[in-house]
Amino acid sequence: MSVTNEQVQAKLVEKFGEQVTGFSEPYGMLTFEAPKELNLKVLQFLYDDEELKFRFLTDLQAVHYPNDKGRELAVVYHLHNLVDNIRIRFKVFTSVDQPDVYTATQLFLTANWMERETYDFFGVNFVGHPNLKRILNVDEMDYFPLRKEFPLEDQTRIDKDDEMFGRGGSIN
Amino acid sequence: MSDVQNIVLPEGSIEKQSTTLNLGPTHPATHGVFQNILEMDGERILSAESTVGYIHRAFEKLAERRPLYQVTPITDRLNYCSSPLNNMGWHTTCEKLLGIKTPKRVDYLRVIIMELARIADHIICNSVIGVDTGALTGFVYVMEYRELIYEIYEEICGSRLTTNIGRIGGFERNFSPAAWQKLERFIAEFPKGLQEFENLFSRNRIFMERTIGCGPISAERALNYGFTGPNLRAAGVDYDVRVHTPYSSYEDFDFTVPVGSTGDTYDRFLVRNAEMWQSLSIIEQAFQKLQDMKGADAEVYHADVPEYYLPEKQNVYTSMEALIWHFKIIMGEIDMPKGEVYHSVEGANGELGFYLISDGGRTPYRLHFRRPCFIYYQAYEELIKGSMLSDAIVVMSSLNLIAGELDA
């Protein structure tokens with residue numbers, strides 16, 4: 001018997017009530033969010049539940065939304081139930097001033113490097129991580145390069161601006 | 001004889017019982033730029049620490065300022081032993097976001113290219129396991145077929161290693177007669193070569209003693225570590241994206257998913273070999289299906305999507321509409337629909353995922369590559385703990401680590 005998106009959503013709402021929000025299904029994948037304090041509880045529930053069995057962490061990364069005050073950084077988990085072959089996407093939002101999110105390394109060994117990568121590029125501080133240091137960038141780097149405040153192009157150039165890329169306005 | 005076997009060092013001595021050994025970053029046996037700081041007791045590894053990132057090129061950041069079609073060459077450079085797989089993974093991701101439906105013929109042509117790429121990748125990995133165990137001959141036997149595969153790529157897209165093959169919606173051009181001839185030659189000749197290669201290794205006593213029980217991992221640990229692809233299947237889990245979430249019409253093909261049981265180097269080797277036979281069978285089936293196509297279906301090589309697929313050059317010079325589309329596509333002036341999409345394909349090393357967020361602009365707002373290499377390499381420390389130094393080298397090549405995919 002396979003699990004459907006509606007069943008997952010019903011189970012989550014039954015367990016966490018009002019705290020899980022923002023259910024949607026972009027391109028068929030159930031997506032929802034929860035407060036960042038609850039991320040481990042939600043992951044553990046999804047892992048332990050006998051029907052849901054989301055026991056494979058496919059991917060973990062962050063997204064930066066600089067204009068969304070108080071919830072600038074989104075940490076996105078892609079989970080997969082390999083038995084029933086259903087995937088879900090789970091997001092927690094955190095402010096960029098205090099980007100503390102609990103680590104998922106106790107649940108998934110694979111989260112170790114994924115979280116290090118996320119820390120490296122976005123500066124999300126995974127509380128309780130056994131070895132939270134930079135992984136791909138040099139250790140001496142003192143900024144988080146994938147954040148949106150670092151434009152890719154050379155800022156002294158005036159022949160290219162964001163207009164070309166459909167976002168309007170010039171760089172900064 | 002005294003009870004004390006080892007030299008006892010005085011308190012506070014700077015000397016220690018074990019030796020620290022730097023394996024890499026540029027070591028000929030590591031096939032890429034990886035550093036491993038090994039703590040050795042004689043020839044046995046007590047602990048290991050991996051350092052990665054030596055060829056990090058910030059692909060995710062680069063992609064944020066490029067229109068979709070300009071991201072394809074970036075994906076070439078992830079797993080450069082099987083670039084077409086990455087290219088096709090990216091095209092299918094874009095098509096999912098843009099809602100493009102490709103014709104069956106395009107799907108089958110893609111399947112042929114993807115399976116050729118898988119074979120090319122597995123050939124490298126398995127023959128290099130041979131090289132690292134001291135058997136160079138097998139490597140020379142199968143390289144001929146990799147060359148043939150590269151020639152097929154060349155006939156289709158003009159390049160060999162970093163292919164940039166295909167476009168959003170289909171292929172840049174139809175397969176040439178020379179490409180078909182080479183493909184037929186490959187189908188006819190490869191079984192003999194692969195059989196020869198297998199005869200050399202699979203039941204070779206020296207090779208078996210060298211690889212059985214070398215770097216094993218249980219299915220449970222492998223899943224927890226996020227293993228996918230042949231490395232996970234060698235541990236006994238039959239997870240294959242082609243079967244679980246079919247893309248590019250893989251559901252039309254009849255193939256089995258080979259699995260191992262112990263997850264050691266020998267099983268990984270066998271699983272990859274068995275997968276090559278399956279890939280060959282898929283190529284034959286696709287070839288047959290394409291031969292059976294009739295009429296207009298048998299000529300089409302791209303979907304009808306003028307917004308994303310470049311018009312024929314000849315039309316650009318003669319038709320105003322084609323000129324406009326050509327200009328808009330080349331300048332990257334096509335707005336994407338808003339949305340977020342995760343799409344994955346079965347890469348040569350496992351689930352190659354693309355997480356693409358579009359804010360309605362012309363470039364991705366955020367693009368993340370799920371690189372299988374990066375994810376399973378973290379288990380390497382555990383795999384080699386307690387084994388001999390020479391085993392560590394074999395385990396590394398059997399995992400098929402590709403520096404480009406590891407670092408992105």
# chains A, B, ... in the order shown; residues from 1 in each chain; ligands from 1
call {"tool": "residues_around", "arguments": {"residues": "Thr72 (chain B)", "least_positions_apart": "5", "cutoff": "9 Å", "atoms": "only C-alpha atoms", "output": "MDAnalysis selection string"}}
result
chainID B and resid 86:88 90:91 164:165 167
call {"tool": "interface_residues", "arguments": {"of": "chain B", "to": "chain A", "cutoff": "7 Å", "atoms": "only C-alpha atoms", "output": "list of chain:residue names"}}
result
B:Val52, B:Gly53, B:His56, B:Lys61, B:Leu62, B:Leu223, B:Asn224, B:Tyr225, B:Gly226, B:His244, B:Gly339, B:Glu340, B:Val341, B:Gly361, B:Arg362, B:Thr363, B:Arg366, B:Arg370, B:Ile375, B:Gln378, B:Asp407
call {"tool": "write_last_selection", "arguments": {"atoms": "N, CA and C atoms", "output": "compact mmCIF listing (two decimals), in the first residue's frame"}}
result
# COMPACT_ATOMS: atom_id res chain seq x y z
N VAL B 52 38.37 17.83 1.17
CA VAL B 52 37.96 17.97 -0.22
C VAL B 52 37.88 19.46 -0.56
N GLY B 53 37.60 19.76 -1.81
CA GLY B 53 37.41 21.14 -2.21
C GLY B 53 38.53 21.72 -3.04
N HIS B 56 37.06 23.10 -6.32
CA HIS B 56 35.74 23.72 -6.24
C HIS B 56 35.67 24.92 -7.18
N LYS B 61 26.89 29.11 -7.82
CA LYS B 61 26.86 30.57 -7.92
C LYS B 61 26.87 31.00 -9.38
N LEU B 62 27.71 30.36 -10.17
CA LEU B 62 27.80 30.69 -11.60
C LEU B 62 26.43 30.55 -12.27
N LEU B 223 22.55 3.19 3.40
CA LEU B 223 21.38 4.05 3.25
C LEU B 223 21.51 5.28 4.13
N ASN B 224 21.99 5.05 5.35
CA ASN B 224 22.13 6.17 6.27
C ASN B 224 23.17 7.17 5.77
N TYR B 225 24.17 6.65 5.08
CA TYR B 225 25.19 7.53 4.52
C TYR B 225 24.74 8.17 3.21
N GLY B 226 23.54 7.84 2.75
CA GLY B 226 23.04 8.45 1.52
C GLY B 226 23.64 7.88 0.26
N HIS B 244 12.51 3.56 -10.22
CA HIS B 244 11.65 4.18 -9.22
C HIS B 244 10.88 5.37 -9.77
N GLY B 339 8.64 28.76 -9.93
CA GLY B 339 8.41 27.43 -9.36
C GLY B 339 9.68 26.82 -8.82
N GLU B 340 9.51 25.71 -8.13
CA GLU B 340 10.69 24.99 -7.67
C GLU B 340 10.52 23.53 -8.03
N VAL B 341 11.59 22.95 -8.50
CA VAL B 341 11.48 21.59 -9.00
C VAL B 341 12.72 20.80 -8.57
N GLY B 361 12.50 34.89 -13.12
CA GLY B 361 13.51 35.63 -13.88
C GLY B 361 14.02 34.81 -15.05
N ARG B 362 15.17 35.22 -15.56
CA ARG B 362 15.69 34.54 -16.75
C ARG B 362 16.80 33.56 -16.39
N THR B 363 17.24 33.62 -15.16
CA THR B 363 18.28 32.70 -14.71
C THR B 363 17.74 32.00 -13.46
N ARG B 366 18.11 29.83 -7.61
CA ARG B 366 19.02 28.98 -6.86
C ARG B 366 19.04 27.63 -7.57
N ARG B 370 22.69 17.78 -6.52
CA ARG B 370 22.93 16.68 -5.58
C ARG B 370 23.95 15.77 -6.25
N ILE B 375 28.29 12.94 -1.57
CA ILE B 375 27.51 12.41 -0.46
C ILE B 375 28.09 11.10 0.04
N GLN B 378 31.85 10.71 2.20
CA GLN B 378 32.06 10.87 3.64
C GLN B 378 32.13 9.53 4.36
N ASP B 407 33.46 18.14 -5.91
CA ASP B 407 33.64 19.52 -5.48
C ASP B 407 32.68 20.52 -6.10
call {"tool": "atom_distance", "arguments": {"atom1": "CA of Glu172 (chain B)", "atom2": "CA of Glu312 (chain B)"}}
result
9.6 Å
call {"tool": "closest_residue", "arguments": {"among": "B:Val140, B:Ile168, B:Leu85, B:Val111", "to": "Asp252 (chain B)", "atoms": "only C-alpha atoms"}}
result
B:Val111
call {"tool": "select_by_dssp", "arguments": {"residues": "region 79-119 of chain A", "states": "strand (DSSP E)", "output": "list in words"}}
result
Leu79, His80, Asn81, Ile86, Arg87, Ile88, Arg89, Phe90, Lys91, Val92, Phe93, Thr94, Asp100, Val101 and Tyr102 of chain A
call {"tool": "closest_residue", "arguments": {"among": "A:Phe45, A:Phe93, A:Tyr102, A:Phe144", "to": "Thr118 (chain A)", "atoms": "only C-alpha atoms"}}
result
A:Phe144
call {"tool": "residues_around", "arguments": {"residues": "Pro73 (chain B)", "least_positions_apart": "3", "cutoff": "8 Å", "atoms": "only C-alpha atoms", "output": "number ranges by chain"}}
result
B: 70, 76-77, 87, 162-164
call {"tool": "atom_distance", "arguments": {"atom1": "CA of Pro84 (chain B)", "atom2": "CA of Asp335 (chain B)"}}
result
25.9 Å
call {"tool": "atom_distance", "arguments": {"atom1": "CA of Gly138 (chain B)", "atom2": "CA of Phe374 (chain B)"}}
result
28.0 Å
call {"tool": "residues_around", "arguments": {"residues": "Asn273 (chain B)", "least_positions_apart": "4", "cutoff": "8 Å", "atoms": "only C-alpha atoms", "output": "ChimeraX atom specification"}}
result
/B:122,126,198,269,277
call {"tool": "residues_around", "arguments": {"residues": "Asn125 (chain A)", "least_positions_apart": "6", "cutoff": "7 Å", "atoms": "only C-alpha atoms", "output": "PyMOL selection string"}}
result
chain A and resi 99-101+119
call {"tool": "closest_residue", "arguments": {"among": "B:Thr265, B:Leu38, B:Asp254, B:Thr92", "to": "Asp107 (chain B)", "atoms": "only C-alpha atoms"}}
result
B:Thr92
call {"tool": "select_by_dssp", "arguments": {"residues": "region 50-108 of chain B", "states": "helix (DSSP H, G or I)", "output": "PyMOL selection string"}}
result
chain B and resi 59-63+68-76+83-98+104-108
call {"tool": "residues_around", "arguments": {"residues": "Ile112 (chain B)", "least_positions_apart": "5", "cutoff": "9 Å", "atoms": "only C-alpha atoms", "output": "VMD selection string"}}
result
chain B and resid 107 117 279 282 to 284 286 to 287
